[in-house]
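Worksheet for the structure shown next.
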Amino acid sequence: KEFSDTGKDAEEMAMIRSVCSTMVPKLVQQDRDAFYEILRNSFPDADLSQIYSHDANIRQKLVNFCEAQSLLASESWLEKVMQLYNVINMRHGVMLVGASGSGKSQALRFLRDNYCEVDPAIHKVEMHVIDPKAMNKEELYGVLDPTTLEWTDGVFTRILREVLDNKRGSTNRLHWIVFDGDVDPEWAENLNSVLDDNKLLTLPNGERLAVPANVRIFMEVDSLEHATPATVSRCGMIWFSNDTVSKRMLLWKALRGVGPAEGETQQRILDEYISTLTPFVVPENDADESLAAAALSFALREGCEHVMDVTPIQLI
């Protein structure tokens with residue numbers, strides 16, 4: 001019903017949109033260019049500019065939220081937020097892949113905070129962040145006492161059981177369980193049955209926990225070096241490149257993070273101070289460089305030596 005096309009054109013556009021929603025988020029820029037070239041050759045009569053036209057209203061809402069929260073969002077970052085929104089609606093297992101400082105966590109938090117405005121049917125989104133490398137497998141999933149046969153829930157199973165028990169009206173909310181760390185087969189393999197269509201977690205005590213429809217499993221990682229194909233193939237994926245978040249965005253966020261001041265007079269002085277500093281800190285566009293941006297570029301140039309590898313967000 002959302003397509004304005006009719007007949008064959010509508011079917012063709014639906015297929016193109018389906019393929020793009022699945023493939024484009026996981027592609028690097030070079031592969032994206034090749035992918036769109038294949039689409040143009042395969043569907044010469046299709047208007048590829050209309051692929052994302054049905055997302056225009058949601059995208060505009062996200063732009064408005066950015067302005068209201070004093071966020072300077074680039075087109076590339078907004079595109080990743082839109083891809084994240086679409087993948088969440090298609091898959092219950094999602095991987096966010098990219099280097100530290102590429103905007104993965106901010107995109108997830110931004111979408112969580114504004115999801116209810118984008119989708120009025122959702123009352124609230126609760127996010128549970130777990131560092132899987134900070135604990136062993138027993139602490140993550142639970143352990144069965146071999147003597148008493150008493151079962152003790154782990155961090156993940158406790159969260160899942162609370163959702164299943166419908167505490168605090170959990171069925172009326174979305175629950176995002178985020179594994180923020182390397183996808184190690186040591187713990188990730190146990191999630192394969194959760195991530196596939198079975199959506200079941202089988203515990204060593206024989207109990208089976210079904211993952212409800214309001215739960216999404218996220219894995220936030222910098223690489224998939226240690227992940228197995230069995231785990232990767234079960235998840236939707238969004239790739240965040242290093243240029244998703246520009247220096248201009250980082251400098252704007254850092255400057256707007258100053259304050260607040262105590263009292264109305266001090267706040268007025270601080271606002272004037274920030275307004276005066278802005279041209280020296282934040283460039284007018286990504287192609288230009290301010291004083292702060294030039295200093296950042298100098299610190300990141302190849303000839304500069306650092307004790308450890310650094311990123312723009314770490315230096316700022």
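Ligands are numbered from 1 in the order shown, chains are lettered A, B, ... in the order of the structure tokens, and residues start at 1 in each chain.
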Under the rule of at most 10 Å, produce a per-residue listing of region 229-277 of chain A near region 81-102 of chain A: chain, number, name, the closest pair of atoms, and the distance in Å, as JSON lines, using only C-alpha atoms.
```
{"residue": "A:Thr231", "atom": "CA", "partner": "A:Gly93", "partner_atom": "CA", "distance": 9.7}
{"residue": "A:Val232", "atom": "CA", "partner": "A:Met95", "partner_atom": "CA", "distance": 8.0}
{"residue": "A:Arg234", "atom": "CA", "partner": "A:Gly93", "partner_atom": "CA", "distance": 7.0}
{"residue": "A:Cys235", "atom": "CA", "partner": "A:Gly93", "partner_atom": "CA", "distance": 4.7}
{"residue": "A:Gly236", "atom": "CA", "partner": "A:Val94", "partner_atom": "CA", "distance": 4.7}
{"residue": "A:Met237", "atom": "CA", "partner": "A:Met95", "partner_atom": "CA", "distance": 4.7}
{"residue": "A:Ile238", "atom": "CA", "partner": "A:Leu96", "partner_atom": "CA", "distance": 5.1}
{"residue": "A:Trp239", "atom": "CA", "partner": "A:Val97", "partner_atom": "CA", "distance": 5.0}
{"residue": "A:Phe240", "atom": "CA", "partner": "A:Gly98", "partner_atom": "CA", "distance": 4.7}
{"residue": "A:Ser241", "atom": "CA", "partner": "A:Gly98", "partner_atom": "CA", "distance": 6.0}
{"residue": "A:Asn242", "atom": "CA", "partner": "A:Ser102", "partner_atom": "CA", "distance": 5.4}
{"residue": "A:Asp243", "atom": "CA", "partner": "A:Ser102", "partner_atom": "CA", "distance": 7.2}
{"residue": "A:Thr244", "atom": "CA", "partner": "A:Ser102", "partner_atom": "CA", "distance": 6.0}
{"residue": "A:Val245", "atom": "CA", "partner": "A:Ser102", "partner_atom": "CA", "distance": 5.7}
{"residue": "A:Ser246", "atom": "CA", "partner": "A:Ser102", "partner_atom": "CA", "distance": 8.9}
{"residue": "A:Leu250", "atom": "CA", "partner": "A:Gly101", "partner_atom": "CA", "distance": 9.5}
```
Alpha helix (DSSP H) residues, from DSSP on the backbone, in region 44-223 of chain A, as a ChimeraX atom specification: /A:56-68,75-90,104-118,137-141,155-164,185-188,192-195
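Going from CA of Thr278 (chain A) over to CA of Trp252 (chain A), you cover 8.1 Å.
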Among listed residues A:Asp55, A:Glu117, A:Asp165, A:Glu220, nearest Pro132 (chain A) (using only C-alpha atoms):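 The answer is A:Glu220, which sits nearest to Pro132 (chain A).
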Region 150-307 of chain A: residues DSSP assigns to strand (DSSP E), reported as a PyMOL selection string: chain A and resi 151-153+174-180+200-202+208-210+215-221+236-240
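Note that CA of Met127 (chain A) and CA of Trp176 (chain A) are 4.6 Å apart.
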Pick from A:Asn198, A:Ile122, A:Phe43, A:Val211, whichever lies nearest to Thr157 (chain A) using only C-alpha atoms: A:Val211
A:Ala295, A:Arg173, A:Trp151, A:Ile159 ranked by distance to His123 (chain A), top pick (using only C-alpha atoms):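 Under the stated criterion, the closest residue is A:Arg173.
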Counting only C-alpha atoms, the residue of A:Leu209, A:Ala107, A:Ser193, A:Ala10 that sits nearest Phe156 (chain A): A:Leu209
